[in-house]
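Here is final_29.pdb, consisting of PDB, C-alpha atoms, pLDDT in the B column:
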MODEL        1
ATOM      1  CA  GLU A   1      12.569 -10.238   4.315  1.00 59.00           C
ATOM      2  CA  ALA A   2       8.892 -11.013   4.697  1.00 57.00           C
ATOM      3  CA  ALA A   3       7.458 -13.265   2.031  1.00 91.00           C
ATOM      4  CA  VAL A   4       3.862 -12.900   0.925  1.00 95.00           C
ATOM      5  CA  THR A   5       2.659 -14.942  -2.011  1.00 95.00           C
ATOM      6  CA  GLN A   6      -0.619 -14.519  -3.836  1.00 96.00           C
ATOM      7  CA  SER A   7      -2.433 -16.821  -6.192  1.00 95.00           C
ATOM      8  CA  PRO A   8      -3.440 -16.681  -8.911  1.00 96.00           C
ATOM      9  CA  ARG A   9      -1.346 -13.906 -10.488  1.00 95.00           C
ATOM     10  CA  SER A  10      -4.205 -13.111 -12.826  1.00 96.00           C
ATOM     11  CA  LYS A  11      -7.739 -14.290 -13.322  1.00 97.00           C
ATOM     12  CA  VAL A  12     -10.621 -13.712 -15.679  1.00 97.00           C
ATOM     13  CA  ALA A  13     -14.053 -14.236 -14.168  1.00 97.00           C
ATOM     14  CA  VAL A  14     -17.602 -13.955 -15.438  1.00 97.00           C
ATOM     15  CA  THR A  15     -20.147 -11.608 -13.954  1.00 97.00           C
ATOM     16  CA  GLY A  16     -22.071 -13.346 -11.209  1.00 97.00           C
ATOM     17  CA  GLY A  17     -19.457 -16.010 -10.698  1.00 97.00           C
ATOM     18  CA  LYS A  18     -17.567 -16.786  -7.512  1.00 97.00           C
ATOM     19  CA  VAL A  19     -13.927 -15.798  -7.216  1.00 98.00           C
ATOM     20  CA  THR A  20     -11.449 -16.707  -4.494  1.00 98.00           C
ATOM     21  CA  LEU A  21      -8.099 -14.977  -4.193  1.00 98.00           C
ATOM     22  CA  SER A  22      -5.519 -16.584  -1.931  1.00 98.00           C
ATOM     23  CA  CYS A  23      -2.657 -15.188   0.118  1.00 98.00           C
ATOM     24  CA  HIS A  24       0.026 -16.994   2.088  1.00 97.00           C
ATOM     25  CA  GLN A  25       2.714 -15.523   4.327  1.00 96.00           C
ATOM     26  CA  THR A  26       5.641 -17.343   5.857  1.00 94.00           C
ATOM     27  CA  ASN A  27       6.872 -14.846   8.417  1.00 86.00           C
ATOM     28  CA  ASN A  28       4.656 -15.463  11.398  1.00 89.00           C
ATOM     29  CA  HIS A  29       2.936 -12.095  11.085  1.00 92.00           C
ATOM     30  CA  ASP A  30      -0.231 -11.498  13.055  1.00 92.00           C
ATOM     31  CA  TYR A  31      -1.872  -8.972  10.741  1.00 93.00           C
ATOM     32  CA  MET A  32      -2.958  -9.538   7.158  1.00 95.00           C
ATOM     33  CA  TYR A  33      -4.737  -7.194   4.788  1.00 95.00           C
ATOM     34  CA  TRP A  34      -6.468  -7.123   1.432  1.00 97.00           C
ATOM     35  CA  TYR A  35      -6.157  -3.952  -0.605  1.00 96.00           C
ATOM     36  CA  ARG A  36      -7.617  -3.053  -3.961  1.00 96.00           C
ATOM     37  CA  GLN A  37      -5.807  -0.926  -6.537  1.00 93.00           C
ATOM     38  CA  ASP A  38      -7.632   0.769  -9.396  1.00 91.00           C
ATOM     39  CA  THR A  39      -5.857   2.489 -12.238  1.00 83.00           C
ATOM     40  CA  GLY A  40      -5.032   6.037 -11.276  1.00 76.00           C
ATOM     41  CA  HIS A  41      -5.955   5.517  -7.655  1.00 80.00           C
ATOM     42  CA  GLY A  42      -4.241   4.466  -4.500  1.00 85.00           C
ATOM     43  CA  LEU A  43      -4.727   1.302  -2.519  1.00 92.00           C
ATOM     44  CA  ARG A  44      -7.969   0.926  -0.589  1.00 93.00           C
ATOM     45  CA  LEU A  45      -8.456  -1.480   2.288  1.00 94.00           C
ATOM     46  CA  ILE A  46     -11.118  -4.160   1.847  1.00 97.00           C
ATOM     47  CA  HIS A  47     -10.679  -6.478   4.847  1.00 97.00           C
ATOM     48  CA  TYR A  48      -8.032  -7.228   7.400  1.00 95.00           C
ATOM     49  CA  SER A  49      -7.377  -9.761  10.136  1.00 95.00           C
ATOM     50  CA  TYR A  50      -5.240  -9.837  13.264  1.00 93.00           C
ATOM     51  CA  VAL A  51      -5.876 -13.423  14.333  1.00 93.00           C
ATOM     52  CA  ALA A  52      -6.894 -16.696  12.756  1.00 94.00           C
ATOM     53  CA  ASP A  53     -10.625 -17.316  12.407  1.00 94.00           C
ATOM     54  CA  SER A  54     -11.419 -13.628  12.676  1.00 94.00           C
ATOM     55  CA  THR A  55     -11.707 -10.886  10.070  1.00 96.00           C
ATOM     56  CA  GLU A  56     -12.516  -7.187  10.172  1.00 95.00           C
ATOM     57  CA  LYS A  57     -14.062  -4.850   7.638  1.00 95.00           C
ATOM     58  CA  GLY A  58     -11.897  -2.248   6.025  1.00 93.00           C
ATOM     59  CA  ASP A  59     -12.974   0.852   4.153  1.00 92.00           C
ATOM     60  CA  ILE A  60     -14.651  -0.809   1.152  1.00 95.00           C
ATOM     61  CA  PRO A  61     -15.936  -4.242   2.273  1.00 97.00           C
ATOM     62  CA  ASP A  62     -19.179  -4.342   0.271  1.00 97.00           C
ATOM     63  CA  GLY A  63     -19.258  -7.237  -2.171  1.00 97.00           C
ATOM     64  CA  TYR A  64     -16.304  -8.999  -0.531  1.00 98.00           C
ATOM     65  CA  LYS A  65     -15.844 -11.607   2.149  1.00 98.00           C
ATOM     66  CA  ALA A  66     -12.611 -12.660   3.801  1.00 98.00           C
ATOM     67  CA  SER A  67     -11.443 -15.811   5.499  1.00 98.00           C
ATOM     68  CA  ARG A  68      -8.437 -16.398   7.784  1.00 98.00           C
ATOM     69  CA  PRO A  69      -8.315 -20.151   8.466  1.00 97.00           C
ATOM     70  CA  SER A  70      -4.792 -20.004   9.847  1.00 96.00           C
ATOM     71  CA  GLN A  71      -2.161 -17.429  10.704  1.00 95.00           C
ATOM     72  CA  GLU A  72      -0.454 -18.015   7.358  1.00 96.00           C
ATOM     73  CA  ASN A  73      -3.456 -17.899   5.026  1.00 97.00           C
ATOM     74  CA  PHE A  74      -5.914 -15.156   4.166  1.00 98.00           C
ATOM     75  CA  SER A  75      -8.451 -15.392   1.345  1.00 98.00           C
ATOM     76  CA  LEU A  76     -10.639 -12.829  -0.349  1.00 98.00           C
ATOM     77  CA  ILE A  77     -13.945 -14.095  -1.710  1.00 98.00           C
ATOM     78  CA  LEU A  78     -16.185 -12.480  -4.272  1.00 97.00           C
ATOM     79  CA  GLU A  79     -19.451 -14.428  -4.079  1.00 95.00           C
ATOM     80  CA  LEU A  80     -21.044 -12.661  -7.045  1.00 97.00           C
ATOM     81  CA  ALA A  81     -18.367 -10.978  -9.108  1.00 97.00           C
ATOM     82  CA  SER A  82     -19.313  -7.723 -10.802  1.00 97.00           C
ATOM     83  CA  LEU A  83     -17.715  -5.608 -13.515  1.00 97.00           C
ATOM     84  CA  SER A  84     -16.841  -2.939 -10.942  1.00 96.00           C
ATOM     85  CA  GLN A  85     -14.606  -5.411  -9.121  1.00 97.00           C
ATOM     86  CA  THR A  86     -12.129  -5.493 -11.970  1.00 97.00           C
ATOM     87  CA  ALA A  87      -8.911  -4.330 -10.314  1.00 97.00           C
ATOM     88  CA  VAL A  88      -5.551  -5.431  -8.982  1.00 95.00           C
ATOM     89  CA  TYR A  89      -5.733  -6.944  -5.517  1.00 97.00           C
ATOM     90  CA  PHE A  90      -2.850  -6.878  -3.084  1.00 96.00           C
ATOM     91  CA  CYS A  91      -2.429  -8.897   0.050  1.00 97.00           C
ATOM     92  CA  ALA A  92      -0.128  -7.594   2.757  1.00 95.00           C
ATOM     93  CA  SER A  93       1.055  -8.625   6.190  1.00 94.00           C
ATOM     94  CA  SER A  94       2.609  -6.942   9.197  1.00 91.00           C
ATOM     95  CA  HIS A  95       4.065  -8.256  12.404  1.00 87.00           C
ATOM     96  CA  TRP A  96       1.938  -6.134  14.712  1.00 80.00           C
ATOM     97  CA  GLY A  97      -0.736  -3.569  14.104  1.00 73.00           C
ATOM     98  CA  SER A  98       1.076  -0.541  15.478  1.00 76.00           C
ATOM     99  CA  SER A  99       1.070   2.746  13.632  1.00 72.00           C
ATOM    100  CA  ALA A 100       4.744   2.330  12.770  1.00 79.00           C
ATOM    101  CA  GLU A 101       4.426  -1.095  11.211  1.00 84.00           C
ATOM    102  CA  THR A 102       5.797  -1.798   7.749  1.00 89.00           C
ATOM    103  CA  LEU A 103       3.446  -3.628   5.444  1.00 92.00           C
ATOM    104  CA  TYR A 104       4.898  -6.411   3.296  1.00 93.00           C
ATOM    105  CA  PHE A 105       2.961  -6.830   0.083  1.00 94.00           C
ATOM    106  CA  GLY A 106       2.463  -9.718  -2.279  1.00 94.00           C
ATOM    107  CA  SER A 107       2.901  -9.251  -6.014  1.00 92.00           C
ATOM    108  CA  GLY A 108      -0.799  -8.788  -6.625  1.00 94.00           C
ATOM    109  CA  THR A 109      -3.614 -10.534  -8.467  1.00 96.00           C
ATOM    110  CA  ARG A 110      -5.008  -8.894 -11.563  1.00 95.00           C
ATOM    111  CA  LEU A 111      -8.728  -9.689 -11.696  1.00 97.00           C
ATOM    112  CA  THR A 112     -10.786  -9.023 -14.803  1.00 97.00           C
ATOM    113  CA  VAL A 113     -14.536  -9.519 -14.586  1.00 97.00           C
ATOM    114  CA  LEU A 114     -16.315  -9.822 -17.927  1.00 96.00           C
TER     115      LEU A 114
ATOM    116  CA  GLY B   1     -11.751  10.902   8.020  1.00 84.00           C
ATOM    117  CA  ASP B   2      -8.097  10.628   7.167  1.00 89.00           C
ATOM    118  CA  SER B   3      -6.905  11.606   3.705  1.00 93.00           C
ATOM    119  CA  VAL B   4      -3.693  11.791   1.713  1.00 96.00           C
ATOM    120  CA  THR B   5      -3.210  14.001  -1.324  1.00 96.00           C
ATOM    121  CA  GLN B   6      -0.562  13.542  -3.977  1.00 96.00           C
ATOM    122  CA  THR B   7      -0.922  16.358  -6.451  1.00 94.00           C
ATOM    123  CA  GLU B   8       1.153  14.970  -9.308  1.00 93.00           C
ATOM    124  CA  GLY B   9      -0.145  11.968 -11.148  1.00 92.00           C
ATOM    125  CA  LEU B  10       2.786  11.774 -13.513  1.00 96.00           C
ATOM    126  CA  VAL B  11       6.287  13.221 -13.310  1.00 97.00           C
ATOM    127  CA  THR B  12       8.768  12.839 -16.150  1.00 97.00           C
ATOM    128  CA  LEU B  13      12.398  13.821 -15.665  1.00 96.00           C
ATOM    129  CA  THR B  14      15.754  13.418 -17.288  1.00 97.00           C
ATOM    130  CA  LYS B  15      18.352  11.321 -15.478  1.00 97.00           C
ATOM    131  CA  GLY B  16      20.482  13.293 -13.049  1.00 97.00           C
ATOM    132  CA  LEU B  17      17.909  15.953 -12.221  1.00 98.00           C
ATOM    133  CA  PRO B  18      16.382  16.463  -8.754  1.00 98.00           C
ATOM    134  CA  VAL B  19      12.820  15.444  -7.983  1.00 98.00           C
ATOM    135  CA  MET B  20      10.222  16.283  -5.352  1.00 98.00           C
ATOM    136  CA  LEU B  21       6.975  14.358  -5.096  1.00 98.00           C
ATOM    137  CA  ASN B  22       4.352  16.124  -3.042  1.00 97.00           C
ATOM    138  CA  CYS B  23       2.361  14.591  -0.222  1.00 98.00           C
ATOM    139  CA  THR B  24      -0.013  16.334   2.160  1.00 98.00           C
ATOM    140  CA  TYR B  25      -2.334  14.741   4.663  1.00 97.00           C
ATOM    141  CA  GLN B  26      -5.253  15.315   6.992  1.00 96.00           C
ATOM    142  CA  THR B  27      -5.764  13.418  10.215  1.00 92.00           C
ATOM    143  CA  THR B  28      -6.990  13.903  13.745  1.00 89.00           C
ATOM    144  CA  TYR B  29      -4.378  11.493  15.090  1.00 86.00           C
ATOM    145  CA  SER B  30      -0.680  11.959  15.621  1.00 88.00           C
ATOM    146  CA  PRO B  31       0.569  11.292  12.091  1.00 90.00           C
ATOM    147  CA  PHE B  32       2.826   8.459  10.966  1.00 92.00           C
ATOM    148  CA  LEU B  33       3.699   8.822   7.285  1.00 95.00           C
ATOM    149  CA  PHE B  34       5.110   6.338   4.799  1.00 96.00           C
ATOM    150  CA  TRP B  35       6.396   6.311   1.235  1.00 97.00           C
ATOM    151  CA  TYR B  36       5.980   3.042  -0.671  1.00 97.00           C
ATOM    152  CA  VAL B  37       7.459   2.395  -4.117  1.00 96.00           C
ATOM    153  CA  GLN B  38       6.079  -0.020  -6.688  1.00 93.00           C
ATOM    154  CA  HIS B  39       8.187  -0.953  -9.682  1.00 93.00           C
ATOM    155  CA  LEU B  40       6.461  -2.326 -12.755  1.00 90.00           C
ATOM    156  CA  ASN B  41       4.890  -5.734 -12.102  1.00 85.00           C
ATOM    157  CA  GLU B  42       6.321  -5.865  -8.592  1.00 88.00           C
ATOM    158  CA  ALA B  43       4.878  -5.603  -5.098  1.00 89.00           C
ATOM    159  CA  PRO B  44       4.850  -2.226  -3.330  1.00 92.00           C
ATOM    160  CA  LYS B  45       7.766  -1.917  -0.916  1.00 94.00           C
ATOM    161  CA  LEU B  46       8.476   0.477   1.908  1.00 95.00           C
ATOM    162  CA  LEU B  47      10.858   3.268   0.954  1.00 97.00           C
ATOM    163  CA  LEU B  48      10.850   5.304   4.151  1.00 96.00           C
ATOM    164  CA  LYS B  49       8.674   6.308   7.088  1.00 95.00           C
ATOM    165  CA  SER B  50       8.538   8.882   9.850  1.00 94.00           C
ATOM    166  CA  SER B  51       6.545  10.274  12.715  1.00 92.00           C
ATOM    167  CA  THR B  52       9.118  12.779  13.964  1.00 94.00           C
ATOM    168  CA  ASP B  53       8.417  16.409  13.231  1.00 95.00           C
ATOM    169  CA  ASN B  54      11.079  18.303  11.284  1.00 96.00           C
ATOM    170  CA  LYS B  55      13.499  15.361  11.109  1.00 96.00           C
ATOM    171  CA  ARG B  56      14.855  14.255   7.742  1.00 97.00           C
ATOM    172  CA  THR B  57      14.531  10.536   7.009  1.00 96.00           C
ATOM    173  CA  GLU B  58      16.674   8.975   4.278  1.00 97.00           C
ATOM    174  CA  HIS B  59      16.845   5.683   2.425  1.00 96.00           C
ATOM    175  CA  GLN B  60      18.390   4.638  -0.888  1.00 93.00           C
ATOM    176  CA  GLY B  61      19.134   8.242  -1.811  1.00 96.00           C
ATOM    177  CA  PHE B  62      15.577   9.394  -1.202  1.00 98.00           C
ATOM    178  CA  TYR B  63      14.679  11.638   1.702  1.00 98.00           C
ATOM    179  CA  ALA B  64      11.621  13.201   3.283  1.00 98.00           C
ATOM    180  CA  THR B  65      10.874  15.450   6.236  1.00 97.00           C
ATOM    181  CA  LEU B  66       7.603  15.381   8.129  1.00 96.00           C
ATOM    182  CA  HIS B  67       6.336  18.907   8.714  1.00 97.00           C
ATOM    183  CA  LYS B  68       3.344  18.819  11.015  1.00 95.00           C
ATOM    184  CA  SER B  69       2.847  22.575  10.715  1.00 95.00           C
ATOM    185  CA  SER B  70       2.050  22.214   7.014  1.00 96.00           C
ATOM    186  CA  SER B  71       0.826  18.575   7.131  1.00 96.00           C
ATOM    187  CA  SER B  72       3.365  17.575   4.512  1.00 97.00           C
ATOM    188  CA  PHE B  73       5.783  14.715   3.842  1.00 98.00           C
ATOM    189  CA  HIS B  74       7.303  15.402   0.426  1.00 98.00           C
ATOM    190  CA  LEU B  75       9.687  12.859  -1.118  1.00 98.00           C
ATOM    191  CA  GLN B  76      12.895  14.163  -2.656  1.00 98.00           C
ATOM    192  CA  LYS B  77      16.011  12.926  -4.384  1.00 98.00           C
ATOM    193  CA  SER B  78      18.887  15.072  -5.577  1.00 98.00           C
ATOM    194  CA  SER B  79      19.694  13.088  -8.711  1.00 97.00           C
ATOM    195  CA  VAL B  80      17.252  10.598 -10.202  1.00 97.00           C
ATOM    196  CA  GLN B  81      18.356   7.438 -11.973  1.00 97.00           C
ATOM    197  CA  LEU B  82      16.667   5.327 -14.633  1.00 97.00           C
ATOM    198  CA  SER B  83      15.993   2.682 -11.996  1.00 96.00           C
ATOM    199  CA  ASP B  84      13.908   5.171 -10.005  1.00 97.00           C
ATOM    200  CA  SER B  85      11.119   4.933 -12.573  1.00 98.00           C
ATOM    201  CA  ALA B  86       8.193   3.564 -10.567  1.00 97.00           C
ATOM    202  CA  LEU B  87       4.887   4.352  -8.886  1.00 95.00           C
ATOM    203  CA  TYR B  88       5.276   6.134  -5.550  1.00 97.00           C
ATOM    204  CA  PHE B  89       2.604   6.095  -2.879  1.00 96.00           C
ATOM    205  CA  CYS B  90       2.376   8.285   0.168  1.00 97.00           C
ATOM    206  CA  ALA B  91       0.442   6.666   3.026  1.00 96.00           C
ATOM    207  CA  LEU B  92      -0.822   7.643   6.464  1.00 94.00           C
ATOM    208  CA  SER B  93      -1.339   5.387   9.455  1.00 90.00           C
ATOM    209  CA  ASP B  94      -4.787   5.781  10.998  1.00 75.00           C
ATOM    210  CA  GLY B  95      -3.516   5.816  14.558  1.00 74.00           C
ATOM    211  CA  THR B  96      -5.720   2.929  15.719  1.00 76.00           C
ATOM    212  CA  ASN B  97      -2.881   0.424  16.080  1.00 75.00           C
ATOM    213  CA  THR B  98      -4.330  -1.873  13.453  1.00 78.00           C
ATOM    214  CA  GLY B  99      -1.686  -1.180  10.830  1.00 79.00           C
ATOM    215  CA  LYS B 100      -4.338   0.227   8.515  1.00 86.00           C
ATOM    216  CA  LEU B 101      -3.071   2.767   6.021  1.00 89.00           C
ATOM    217  CA  THR B 102      -4.737   5.456   3.938  1.00 92.00           C
ATOM    218  CA  PHE B 103      -2.953   5.794   0.610  1.00 94.00           C
ATOM    219  CA  GLY B 104      -2.685   8.692  -1.786  1.00 95.00           C
ATOM    220  CA  ASP B 105      -3.477   8.106  -5.452  1.00 94.00           C
ATOM    221  CA  GLY B 106       0.179   7.687  -6.303  1.00 95.00           C
ATOM    222  CA  THR B 107       2.667   9.446  -8.551  1.00 96.00           C
ATOM    223  CA  VAL B 108       4.225   7.745 -11.539  1.00 96.00           C
ATOM    224  CA  LEU B 109       7.840   8.822 -11.902  1.00 97.00           C
ATOM    225  CA  THR B 110       9.383   8.234 -15.312  1.00 97.00           C
ATOM    226  CA  VAL B 111      13.095   8.921 -15.726  1.00 98.00           C
ATOM    227  CA  LYS B 112      14.432   9.335 -19.241  1.00 97.00           C
ATOM    228  CA  PRO B 113      18.049   9.002 -20.415  1.00 96.00           C
TER     229      PRO B 113
ENDMDL
END

Structure rendered as structure tokens:
Amino acid sequence: EAAVTQSPRSKVAVTGGKVTLSCHQTNNHDYMYWYRQDTGHGLRLIHYSYVADSTEKGDIPDGYKASRPSQENFSLILELASLSQTAVYFCASSHWGSSAETLYFGSGTRLTVL
Amino acid sequence: GDSVTQTEGLVTLTKGLPVMLNCTYQTTYSPFLFWYVQHLNEAPKLLLKSSTDNKRTEHQGFYATLHKSSSSFHLQKSSVQLSDSALYFCALSDGTNTGKLTFGDGTVLTVKP
């Protein structure tokens, strides 16, 4: 089964600070995604990537940057963290980008911005 | 744009009873629907998926049938167990071959003894 690991598992950040969330997958998948989960709401796509050194905007990219330095690693960067970015963040990967693809999720990072 | 609606935010049932979690969608593409399940403090995992109209798909005792005529993909189980307590998401592929999904808000299923 696909393995996607996220770090850290939880983080407390100060408003205006820089936050980097990391994701690593070991299954040679081409596609990686960052989703955000807010209490009472579904997952929303922030950024995704289908090849190293390239990232694409998802549905809610404002306030976030992404970096894909290698096929295995995908980071989400909050340059100036804000209170509204308090949420749980999930990284996911898939082998291809077809409509039928199964996404394999990491265990999530709980981010609290104070 | 695409959307997914899950009408129940919270469902509480006694063990052994049947359950149906509702999911309806809107899209201009040919739909591919998914159900993901997230147990407490775990990663979401695929439960089942389908793009075939009027064909029942089953996995781990759960089943769903995509009905394009009513834009629905309801999740059902005939007899819930305590271990079924979890958050269930319905999701829709956007048809652009990028793997991007639109998720519903989720339904928390709590099963009591």

Which residues of chain A are close to chain B, meaning at most 7 Å apart when you count all atoms listed in the file, and how do they look as a tab-separated table (two decimals) with C-alpha atoms, in the frame of the given file?
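Dumped to out37.tsv:
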chain	number	residue	atom	x	y	z
A	40	GLY	CA	-5.03	6.04	-11.28
A	41	HIS	CA	-5.96	5.52	-7.66
A	42	GLY	CA	-4.24	4.47	-4.50
A	43	LEU	CA	-4.73	1.30	-2.52
A	97	GLY	CA	-0.74	-3.57	14.10
A	98	SER	CA	1.08	-0.54	15.48
A	99	SER	CA	1.07	2.75	13.63
A	100	ALA	CA	4.74	2.33	12.77
A	101	GLU	CA	4.43	-1.10	11.21
A	102	THR	CA	5.80	-1.80	7.75
A	104	TYR	CA	4.90	-6.41	3.30
A	105	PHE	CA	2.96	-6.83	0.08
A	106	GLY	CA	2.46	-9.72	-2.28
A	107	SER	CA	2.90	-9.25	-6.01
A	108	GLY	CA	-0.80	-8.79	-6.62

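Between atom CA of A:Tyr50 and atom CA of A:Tyr31 lies a distance of 4.3 Å.
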
Kindly resolve the PyMOL selection byres ((chain A and resi 11) around 6) on the present coordinates and return the residues as a PyMOL selection string.
chain A and resi 10+12+111

Residues picked by the PyMOL selection byres ((chain A and resi 89) around 6) here, as a PyMOL selection string?
chain A and resi 35-36+88+90+108-109

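Among the candidates B:Asn54, B:Asn22, B:Thr110, B:Thr5, the one nearest to B:Asp84 when counting all atoms listed in the file is B:Thr110.
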
Any idea what's packed within 9 Å of B:Thr65, counting only C-alpha atoms, ignoring anything in its chain fewer than 3 positions away? Could you give it as a PyMOL selection string?
chain B and resi 50+52-58+72-75

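Nearest to A:Trp34 of all the residues A:Cys91, A:Gly17, A:Ser49, A:Gly63 is A:Cys91, based on only C-alpha atoms.
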
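Between atom CA of B:Val37 and atom CA of B:Ser83 there is a distance of 11.6 Å.
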
Identify all residues satisfying the PyMOL selection byres ((chain A and resi 75) around 7) in the given file; provide them as a PyMOL selection string.
chain A and resi 20-23+66-68+73-74+76-77

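You will find atom CA of A:Leu80 at 26.5 Å from atom CA of A:Gln25.
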
Do you know which residues lie at most 10 Å from (-11.7, -17.5, -18.6), with coordinates as in the file and all atoms listed in the file counted, and could you write them as a tab-separated table (two decimals) with C-alpha atoms, in the coordinates of the input?
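Final file, selection_20.tsv:
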chain	number	residue	atom	x	y	z
A	11	LYS	CA	-7.74	-14.29	-13.32
A	12	VAL	CA	-10.62	-13.71	-15.68
A	13	ALA	CA	-14.05	-14.24	-14.17
A	14	VAL	CA	-17.60	-13.96	-15.44
A	112	THR	CA	-10.79	-9.02	-14.80
A	113	VAL	CA	-14.54	-9.52	-14.59
A	114	LEU	CA	-16.32	-9.82	-17.93

Using only C-alpha atoms, give me every residue within 12 Å of (-14.5, 0.4, 1.3) in file coordinates, as an MDAnalysis selection string.
(chainID A and resid 34:37 43:48 56:64 85) or (chainID B and resid 102)
